[in-house]
Structures are given as structure tokens and as C-alpha cells.
Amino acid sequence: MNRVFVLLSSNHEPEKNLPAGLALLQEKSRVEAISSVYESAPVGEIYQANFLDAVAELRTNLCPSEFRSDILGQIEQRLGRERPGMQAGFHVITIDLDILLWNQESFDFGPKPWHVPDRKIVHEAHLAVPLAELAPDYVHPEDGRTLLKIAKSLPHEELTLRQDIRLDLSRPLA
């Protein structure tokens, strides 16, 4: 069984879409743990609303490409995720689900190659901090540092713990 860490991210009705995304993940895989929710400014495109992010640790028997298309892609579609392309401007994202880590492996997959581990983990606190919360001693397969060391090395000024929003593994989709 594969150990997978998945980012759940939203900047459009995240109080509704993050729990819905988690509930749908639970229907399709074995979710072991969920991090706290963090708010952060968008990276790159400054015309977007702030994002709320969390990371789920789960187990699946699927391979990465099947998991991405058959589970994550279907959840994004069900929750109304649109992919407007790379044009600049304001984008609302109902839900974005990305594979961050897969076991202790390093690989590329998919038609538009996606790299695992996600290269942004070592650069962006909104990924590293919730990962470190779930698995502080997990050693990054390419960087060689633990997730806790990576998280501590990154600036946290624009990352806010949202204690008012809690994702609950026992709560079913409403």
C-alpha cells in the first residue's frame, strides 16, 4: 500500500470546499491524518484571493497516474475546478489537489510531467509546514532533510494557522 501526502487547497469558499474535498478523498482512499488549515497569500499571481491549505496523509493501492486521474481529478471536477490556463488575472479555485510525496520515491509522471516529490516543498512554507505537522521525521527523498528541518528553514510571515477551521476525518460530507 502506498503512503501518499496530498495538498488540499482552495481560494473560493474554502470553508466549504476543503471539507468536501476531504470527504470525497475519504470515499476513495484511506485517509490516515489531516493537518491543520493554513492561510497564505497566492504564489506568483498576486490578483488571487488568499488560499487555505491543508495536507492529507493517505494510503492507496493505485499507481500515481491512476490516483491523479481517477481520484484527485474526479474530485476536482466534482467540486467545480476549472483550469483557465496560464493567462494572468484573478482565478478562483474551488479545490486543487496535488500529490506532494509518494512513499520515499522520486519520479515524473503524466502527460504534462508532474514531479514527485513536489519541487516546491523545499521553497514554500504553505507546503512544508502542514507536511511537517503530519510527518516531522519524514526524510525528503531528494533534499535529504526531514520535513521539520525544511519547514523551520522557510519564512513563515505570510502563513497563518486558521484555528477557526478544522477538518475532521470523522465528519461525513454534508
# chains A, B, ... in the order shown; residues from 1 in each chain; ligands from 1

$ residues_around --residues "A:Leu8" --least-positions-apart "4" --cutoff "8 Å" --atoms "only C-alpha atoms" --output "list of chain:residue names"
A:Leu18, A:Gly21, A:Leu22, A:Asp53, A:Ala54, A:Val55, A:Ala56, A:Ile95, A:Asp96, A:Leu97, A:Asp98

$ write_last_selection --atoms "N, CA and C atoms" --output "PDB file, in the first residue's frame"
ATOM      1  N   LEU A  18     -12.829  22.701   1.210  1.00  0.00           N
ATOM      2  CA  LEU A  18     -11.823  21.829   1.825  1.00  0.00           C
ATOM      3  C   LEU A  18     -12.464  20.627   2.528  1.00  0.00           C
ATOM      4  N   GLY A  21     -13.733  18.285  -0.183  1.00  0.00           N
ATOM      5  CA  GLY A  21     -12.626  17.570  -0.818  1.00  0.00           C
ATOM      6  C   GLY A  21     -12.106  16.445   0.054  1.00  0.00           C
ATOM      7  N   LEU A  22     -11.983  16.713   1.352  1.00  0.00           N
ATOM      8  CA  LEU A  22     -11.524  15.685   2.277  1.00  0.00           C
ATOM      9  C   LEU A  22     -12.520  14.527   2.342  1.00  0.00           C
ATOM     10  N   ASP A  53      -4.988  26.066   2.909  1.00  0.00           N
ATOM     11  CA  ASP A  53      -4.311  24.830   2.542  1.00  0.00           C
ATOM     12  C   ASP A  53      -4.265  23.870   3.714  1.00  0.00           C
ATOM     13  N   ALA A  54      -4.314  22.587   3.397  1.00  0.00           N
ATOM     14  CA  ALA A  54      -4.093  21.520   4.368  1.00  0.00           C
ATOM     15  C   ALA A  54      -3.461  20.362   3.608  1.00  0.00           C
ATOM     16  N   VAL A  55      -2.877  19.424   4.353  1.00  0.00           N
ATOM     17  CA  VAL A  55      -2.278  18.251   3.745  1.00  0.00           C
ATOM     18  C   VAL A  55      -2.889  17.008   4.378  1.00  0.00           C
ATOM     19  N   ALA A  56      -3.243  16.047   3.524  1.00  0.00           N
ATOM     20  CA  ALA A  56      -3.763  14.762   3.985  1.00  0.00           C
ATOM     21  C   ALA A  56      -2.715  13.685   3.748  1.00  0.00           C
ATOM     22  N   ILE A  95     -11.122  23.865  -5.611  1.00  0.00           N
ATOM     23  CA  ILE A  95     -10.272  22.875  -4.947  1.00  0.00           C
ATOM     24  C   ILE A  95      -9.113  22.526  -5.876  1.00  0.00           C
ATOM     25  N   ASP A  96      -7.948  22.430  -5.290  1.00  0.00           N
ATOM     26  CA  ASP A  96      -6.762  21.980  -6.003  1.00  0.00           C
ATOM     27  C   ASP A  96      -6.178  20.852  -5.169  1.00  0.00           C
ATOM     28  N   LEU A  97      -5.994  19.699  -5.779  1.00  0.00           N
ATOM     29  CA  LEU A  97      -5.459  18.529  -5.093  1.00  0.00           C
ATOM     30  C   LEU A  97      -4.187  18.099  -5.811  1.00  0.00           C
ATOM     31  N   ASP A  98      -3.070  18.118  -5.095  1.00  0.00           N
ATOM     32  CA  ASP A  98      -1.786  17.777  -5.695  1.00  0.00           C
ATOM     33  C   ASP A  98      -1.062  16.739  -4.856  1.00  0.00           C
TER      34      ASP A  98
END

$ residues_around --residues "A:Asn17" --least-positions-apart "2" --cutoff "10 Å" --atoms "only C-alpha atoms" --output "VMD selection string"
chain A and resid 8 to 15 19 to 23 52 76 79 to 80 93 to 96

$ residues_around --residues "stretch 114-131 of chain A" --least-positions-apart "5" --cutoff "8 Å" --atoms "only C-alpha atoms" --output "JSON, numbers by chain"
{"A": [5, 7, 35, 36, 37, 38, 39, 40, 53, 54, 55, 99, 100, 101, 102, 105, 106, 107, 108, 109, 136, 140, 141, 142, 143, 147, 148, 150, 151, 154, 155, 156, 159]}

$ write_last_selection --atoms "C-alpha atoms" --output "CSV table (one decimal), in the first residue's frame"
chain,number,residue,atom,x,y,z
A,5,PHE,CA,0.7,13.1,1.0
A,7,LEU,CA,-2.3,19.0,-0.8
A,35,SER,CA,-3.1,18.7,9.0
A,36,SER,CA,-4.3,21.9,10.4
A,37,VAL,CA,-5.6,24.5,7.9
A,38,TYR,CA,-3.2,27.4,7.0
A,39,GLU,CA,-3.9,30.6,5.1
A,40,SER,CA,-1.4,32.0,2.7
A,53,ASP,CA,-4.3,24.8,2.5
A,54,ALA,CA,-4.1,21.5,4.4
A,55,VAL,CA,-2.3,18.3,3.7
A,99,ILE,CA,0.4,14.8,-4.9
A,100,LEU,CA,3.3,16.2,-2.8
A,101,LEU,CA,5.0,13.0,-1.7
A,102,TRP,CA,4.7,9.3,-2.7
A,105,GLU,CA,10.1,7.8,-4.2
A,106,SER,CA,11.3,10.3,-6.7
A,107,PHE,CA,9.8,10.3,-10.2
A,108,ASP,CA,7.9,12.1,-13.0
A,109,PHE,CA,4.5,11.0,-14.3
A,136,PRO,CA,8.1,15.7,11.0
A,140,HIS,CA,12.7,14.3,1.8
A,141,PRO,CA,13.8,11.8,-0.8
A,142,GLU,CA,15.8,14.3,-2.8
A,143,ASP,CA,16.8,17.0,-0.3
A,147,LEU,CA,10.2,17.8,6.8
A,148,LEU,CA,10.6,19.6,10.1
A,150,ILE,CA,12.7,22.1,5.8
A,151,ALA,CA,9.7,23.8,7.5
A,154,LEU,CA,11.4,28.7,5.5
A,155,PRO,CA,10.0,32.1,6.3
A,156,HIS,CA,6.5,31.9,7.9
A,159,LEU,CA,1.4,31.8,6.8

$ select_by_dssp --residues "stretch 14-155 of chain A" --states "helix (DSSP H, G or I)" --output "mmCIF file with N, CA and C atoms, in the first residue's frame"
data_model
loop_
_atom_site.group_PDB
_atom_site.id
_atom_site.type_symbol
_atom_site.label_atom_id
_atom_site.label_comp_id
_atom_site.auth_asym_id
_atom_site.auth_seq_id
_atom_site.Cartn_x
_atom_site.Cartn_y
_atom_site.Cartn_z
ATOM 1 N N PRO A 14 -13.426 28.233 0.651
ATOM 2 C CA PRO A 14 -12.612 27.143 1.191
ATOM 3 C C PRO A 14 -13.208 26.485 2.433
ATOM 4 N N GLU A 15 -13.999 27.220 3.196
ATOM 5 C CA GLU A 15 -14.629 26.636 4.390
ATOM 6 C C GLU A 15 -15.592 25.515 4.011
ATOM 7 N N LYS A 16 -16.112 25.565 2.783
ATOM 8 C CA LYS A 16 -16.993 24.521 2.252
ATOM 9 C C LYS A 16 -16.205 23.511 1.421
ATOM 10 N N ASN A 17 -15.308 23.986 0.568
ATOM 11 C CA ASN A 17 -14.643 23.115 -0.395
ATOM 12 C C ASN A 17 -13.553 22.226 0.205
ATOM 13 N N LEU A 18 -12.829 22.701 1.210
ATOM 14 C CA LEU A 18 -11.823 21.829 1.825
ATOM 15 C C LEU A 18 -12.464 20.627 2.528
ATOM 16 N N PRO A 19 -13.497 20.833 3.378
ATOM 17 C CA PRO A 19 -14.141 19.651 3.972
ATOM 18 C C PRO A 19 -14.773 18.727 2.928
ATOM 19 N N ALA A 20 -15.346 19.301 1.871
ATOM 20 C CA ALA A 20 -15.946 18.469 0.822
ATOM 21 C C ALA A 20 -14.869 17.660 0.108
ATOM 22 N N GLY A 21 -13.733 18.285 -0.183
ATOM 23 C CA GLY A 21 -12.626 17.570 -0.818
ATOM 24 C C GLY A 21 -12.106 16.445 0.054
ATOM 25 N N LEU A 22 -11.983 16.713 1.352
ATOM 26 C CA LEU A 22 -11.524 15.685 2.277
ATOM 27 C C LEU A 22 -12.520 14.527 2.342
ATOM 28 N N ALA A 23 -13.806 14.825 2.420
ATOM 29 C CA ALA A 23 -14.822 13.770 2.488
ATOM 30 C C ALA A 23 -14.784 12.894 1.236
ATOM 31 N N LEU A 24 -14.593 13.514 0.069
ATOM 32 C CA LEU A 24 -14.519 12.736 -1.164
ATOM 33 C C LEU A 24 -13.238 11.904 -1.225
ATOM 34 N N LEU A 25 -12.147 12.445 -0.715
ATOM 35 C CA LEU A 25 -10.907 11.654 -0.618
ATOM 36 C C LEU A 25 -11.129 10.428 0.261
ATOM 37 N N GLN A 26 -11.861 10.616 1.351
ATOM 38 C CA GLN A 26 -12.135 9.501 2.267
ATOM 39 C C GLN A 26 -12.980 8.417 1.607
ATOM 40 N N GLU A 27 -13.834 8.804 0.665
ATOM 41 C CA GLU A 27 -14.643 7.817 -0.045
ATOM 42 C C GLU A 27 -13.795 6.939 -0.954
ATOM 43 N N LYS A 28 -12.686 7.473 -1.453
ATOM 44 C CA LYS A 28 -11.900 6.797 -2.489
ATOM 45 C C LYS A 28 -10.559 6.237 -2.007
ATOM 46 N N PRO A 64 0.600 6.241 -9.238
ATOM 47 C CA PRO A 64 0.432 7.702 -9.230
ATOM 48 C C PRO A 64 -0.461 8.257 -10.333
ATOM 49 N N SER A 65 -0.305 7.787 -11.564
ATOM 50 C CA SER A 65 -1.120 8.353 -12.650
ATOM 51 C C SER A 65 -2.598 8.001 -12.484
ATOM 52 N N GLU A 66 -2.895 6.775 -12.057
ATOM 53 C CA GLU A 66 -4.291 6.398 -11.799
ATOM 54 C C GLU A 66 -4.856 7.192 -10.633
ATOM 55 N N PHE A 67 -4.068 7.337 -9.592
ATOM 56 C CA PHE A 67 -4.522 8.093 -8.422
ATOM 57 C C PHE A 67 -4.810 9.539 -8.807
ATOM 58 N N ARG A 68 -3.919 10.138 -9.607
ATOM 59 C CA ARG A 68 -4.097 11.532 -10.026
ATOM 60 C C ARG A 68 -5.359 11.695 -10.869
ATOM 61 N N SER A 69 -5.553 10.820 -11.850
ATOM 62 C CA SER A 69 -6.711 10.994 -12.742
ATOM 63 C C SER A 69 -8.002 10.447 -12.139
ATOM 64 N N ASP A 70 -7.959 9.246 -11.590
ATOM 65 C CA ASP A 70 -9.180 8.576 -11.140
ATOM 66 C C ASP A 70 -9.688 9.071 -9.790
ATOM 67 N N ILE A 71 -8.827 9.601 -8.974
ATOM 68 C CA ILE A 71 -9.249 10.073 -7.651
ATOM 69 C C ILE A 71 -9.197 11.601 -7.599
ATOM 70 N N LEU A 72 -7.994 12.160 -7.666
ATOM 71 C CA LEU A 72 -7.863 13.614 -7.495
ATOM 72 C C LEU A 72 -8.562 14.385 -8.613
ATOM 73 N N GLY A 73 -8.367 13.971 -9.848
ATOM 74 C CA GLY A 73 -9.009 14.662 -10.972
ATOM 75 C C GLY A 73 -10.526 14.617 -10.902
ATOM 76 N N GLN A 74 -11.066 13.486 -10.523
ATOM 77 C CA GLN A 74 -12.527 13.365 -10.423
ATOM 78 C C GLN A 74 -13.080 14.211 -9.276
ATOM 79 N N ILE A 75 -12.354 14.289 -8.168
ATOM 80 C CA ILE A 75 -12.799 15.126 -7.043
ATOM 81 C C ILE A 75 -12.784 16.590 -7.460
ATOM 82 N N GLU A 76 -11.697 17.025 -8.119
ATOM 83 C CA GLU A 76 -11.624 18.414 -8.582
ATOM 84 C C GLU A 76 -12.785 18.725 -9.523
ATOM 85 N N GLN A 77 -13.064 17.813 -10.430
ATOM 86 C CA GLN A 77 -14.166 18.014 -11.382
ATOM 87 C C GLN A 77 -15.499 18.085 -10.649
ATOM 88 N N ARG A 78 -15.713 17.186 -9.723
ATOM 89 C CA ARG A 78 -16.979 17.155 -8.979
ATOM 90 C C ARG A 78 -17.204 18.444 -8.188
ATOM 91 N N ARG A 119 8.538 19.831 -6.172
ATOM 92 C CA ARG A 119 9.759 20.646 -6.014
ATOM 93 C C ARG A 119 9.556 21.866 -5.115
ATOM 94 N N LYS A 120 8.307 22.284 -4.944
ATOM 95 C CA LYS A 120 8.034 23.489 -4.149
ATOM 96 C C LYS A 120 8.108 23.243 -2.634
ATOM 97 N N ILE A 121 8.130 21.984 -2.209
ATOM 98 C CA ILE A 121 8.154 21.680 -0.774
ATOM 99 C C ILE A 121 9.312 22.373 -0.075
ATOM 100 N N VAL A 122 10.472 22.396 -0.699
ATOM 101 C CA VAL A 122 11.667 22.960 -0.051
ATOM 102 C C VAL A 122 11.731 24.485 -0.165
ATOM 103 N N ALA A 125 6.494 27.567 2.440
ATOM 104 C CA ALA A 125 6.050 27.190 3.784
ATOM 105 C C ALA A 125 4.636 26.613 3.784
ATOM 106 N N HIS A 126 3.778 27.078 2.882
ATOM 107 C CA HIS A 126 2.393 26.566 2.891
ATOM 108 C C HIS A 126 2.329 25.080 2.546
ATOM 109 N N LEU A 127 3.410 24.527 1.986
ATOM 110 C CA LEU A 127 3.503 23.085 1.753
ATOM 111 C C LEU A 127 4.284 22.394 2.866
ATOM 112 N N ALA A 128 5.425 22.967 3.211
ATOM 113 C CA ALA A 128 6.334 22.326 4.174
ATOM 114 C C ALA A 128 5.771 22.280 5.591
ATOM 115 N N VAL A 129 5.094 23.327 6.020
ATOM 116 C CA VAL A 129 4.604 23.378 7.407
ATOM 117 C C VAL A 129 3.524 22.327 7.678
ATOM 118 N N PRO A 130 2.462 22.221 6.857
ATOM 119 C CA PRO A 130 1.490 21.165 7.139
ATOM 120 C C PRO A 130 2.068 19.759 6.954
ATOM 121 N N LEU A 131 3.003 19.594 6.013
ATOM 122 C CA LEU A 131 3.668 18.296 5.882
ATOM 123 C C LEU A 131 4.433 17.949 7.152
ATOM 124 N N ALA A 132 5.179 18.918 7.683
ATOM 125 C CA ALA A 132 5.964 18.684 8.895
ATOM 126 C C ALA A 132 5.075 18.415 10.095
ATOM 127 N N GLU A 133 3.891 18.994 10.101
ATOM 128 C CA GLU A 133 2.939 18.736 11.180
ATOM 129 C C GLU A 133 2.543 17.255 11.196
ATOM 130 N N LEU A 134 2.358 16.671 10.021
ATOM 131 C CA LEU A 134 1.936 15.280 9.915
ATOM 132 C C LEU A 134 3.093 14.294 10.062
ATOM 133 N N LEU A 147 11.209 16.789 7.045
ATOM 134 C CA LEU A 147 10.207 17.816 6.756
ATOM 135 C C LEU A 147 10.222 18.907 7.820
ATOM 136 N N LEU A 148 10.489 18.544 9.069
ATOM 137 C CA LEU A 148 10.565 19.552 10.124
ATOM 138 C C LEU A 148 11.713 20.523 9.869
ATOM 139 N N LYS A 149 12.875 20.023 9.486
ATOM 140 C CA LYS A 149 14.007 20.913 9.203
ATOM 141 C C LYS A 149 13.709 21.815 8.009
ATOM 142 N N ILE A 150 13.077 21.265 7.003
ATOM 143 C CA ILE A 150 12.706 22.074 5.840
ATOM 144 C C ILE A 150 11.741 23.179 6.265
ATOM 145 N N ALA A 151 10.701 22.812 7.018
ATOM 146 C CA ALA A 151 9.704 23.804 7.452
ATOM 147 C C ALA A 151 10.340 24.908 8.285
ATOM 148 N N LYS A 152 11.236 24.539 9.191
ATOM 149 C CA LYS A 152 11.890 25.539 10.049
ATOM 150 C C LYS A 152 12.812 26.463 9.268
ATOM 151 N N SER A 153 13.282 26.019 8.112
ATOM 152 C CA SER A 153 14.215 26.830 7.320
ATOM 153 C C SER A 153 13.509 27.878 6.464
#

$ atom_distance --atom1 "atom CA of A:Arg59" --atom2 "atom CA of A:Tyr138"
15.6 Å

$ select_by_dssp --residues "stretch 3-57 of chain A" --states "strand (DSSP E)" --output "ChimeraX atom specification"
/A:3-10,30-34,38-40,51-57

$ write_last_selection --atoms "N, CA and C atoms" --output "mmCIF file, in the first residue's frame"
data_model
loop_
_atom_site.group_PDB
_atom_site.id
_atom_site.type_symbol
_atom_site.label_atom_id
_atom_site.label_comp_id
_atom_site.auth_asym_id
_atom_site.auth_seq_id
_atom_site.Cartn_x
_atom_site.Cartn_y
_atom_site.Cartn_z
ATOM 1 N N ARG A 3 2.032 5.094 0.627
ATOM 2 C CA ARG A 3 1.846 6.216 1.557
ATOM 3 C C ARG A 3 1.984 7.492 0.734
ATOM 4 N N VAL A 4 0.920 8.299 0.743
ATOM 5 C CA VAL A 4 0.849 9.476 -0.122
ATOM 6 C C VAL A 4 0.457 10.693 0.712
ATOM 7 N N PHE A 5 1.074 11.833 0.389
ATOM 8 C CA PHE A 5 0.699 13.104 1.004
ATOM 9 C C PHE A 5 0.127 13.987 -0.094
ATOM 10 N N VAL A 6 -1.084 14.498 0.142
ATOM 11 C CA VAL A 6 -1.812 15.275 -0.863
ATOM 12 C C VAL A 6 -2.154 16.649 -0.302
ATOM 13 N N LEU A 7 -1.886 17.677 -1.088
ATOM 14 C CA LEU A 7 -2.278 19.041 -0.750
ATOM 15 C C LEU A 7 -3.732 19.256 -1.121
ATOM 16 N N LEU A 8 -4.503 19.843 -0.203
ATOM 17 C CA LEU A 8 -5.855 20.317 -0.478
ATOM 18 C C LEU A 8 -5.789 21.831 -0.372
ATOM 19 N N SER A 9 -6.176 22.534 -1.421
ATOM 20 C CA SER A 9 -6.038 23.981 -1.449
ATOM 21 C C SER A 9 -7.271 24.605 -2.099
ATOM 22 N N SER A 10 -7.696 25.767 -1.584
ATOM 23 C CA SER A 10 -8.856 26.454 -2.146
ATOM 24 C C SER A 10 -8.773 27.945 -1.844
ATOM 25 N N ARG A 30 -7.875 5.589 1.844
ATOM 26 C CA ARG A 30 -7.824 5.518 3.298
ATOM 27 C C ARG A 30 -7.035 6.720 3.822
ATOM 28 N N VAL A 31 -7.743 7.741 4.286
ATOM 29 C CA VAL A 31 -7.094 8.931 4.816
ATOM 30 C C VAL A 31 -6.690 8.637 6.257
ATOM 31 N N GLU A 32 -5.399 8.739 6.520
ATOM 32 C CA GLU A 32 -4.834 8.429 7.836
ATOM 33 C C GLU A 32 -4.824 9.645 8.758
ATOM 34 N N ALA A 33 -4.530 10.812 8.184
ATOM 35 C CA ALA A 33 -4.390 12.021 9.006
ATOM 36 C C ALA A 33 -4.600 13.242 8.126
ATOM 37 N N ILE A 34 -4.965 14.342 8.784
ATOM 38 C CA ILE A 34 -5.130 15.618 8.092
ATOM 39 C C ILE A 34 -4.469 16.697 8.944
ATOM 40 N N TYR A 38 -4.065 26.177 7.002
ATOM 41 C CA TYR A 38 -3.223 27.373 6.997
ATOM 42 C C TYR A 38 -3.674 28.302 5.883
ATOM 43 N N GLU A 39 -3.611 29.604 6.149
ATOM 44 C CA GLU A 39 -3.926 30.607 5.134
ATOM 45 C C GLU A 39 -2.629 31.221 4.638
ATOM 46 N N SER A 40 -2.559 31.406 3.322
ATOM 47 C CA SER A 40 -1.370 32.017 2.736
ATOM 48 C C SER A 40 -1.751 32.841 1.515
ATOM 49 N N PHE A 51 -5.273 31.738 -0.139
ATOM 50 C CA PHE A 51 -5.608 30.315 -0.159
ATOM 51 C C PHE A 51 -5.674 29.763 1.252
ATOM 52 N N LEU A 52 -6.517 28.774 1.427
ATOM 53 C CA LEU A 52 -6.489 27.940 2.620
ATOM 54 C C LEU A 52 -5.968 26.585 2.164
ATOM 55 N N ASP A 53 -4.988 26.066 2.909
ATOM 56 C CA ASP A 53 -4.311 24.830 2.542
ATOM 57 C C ASP A 53 -4.265 23.870 3.714
ATOM 58 N N ALA A 54 -4.314 22.587 3.397
ATOM 59 C CA ALA A 54 -4.093 21.520 4.368
ATOM 60 C C ALA A 54 -3.461 20.362 3.608
ATOM 61 N N VAL A 55 -2.877 19.424 4.353
ATOM 62 C CA VAL A 55 -2.278 18.251 3.745
ATOM 63 C C VAL A 55 -2.889 17.008 4.378
ATOM 64 N N ALA A 56 -3.243 16.047 3.524
ATOM 65 C CA ALA A 56 -3.763 14.762 3.985
ATOM 66 C C ALA A 56 -2.715 13.685 3.748
ATOM 67 N N GLU A 57 -2.574 12.813 4.733
ATOM 68 C CA GLU A 57 -1.758 11.616 4.572
ATOM 69 C C GLU A 57 -2.720 10.466 4.331
#

$ atom_distance --atom1 "atom CA of A:Leu169" --atom2 "atom CA of A:Cys63"
23.6 Å
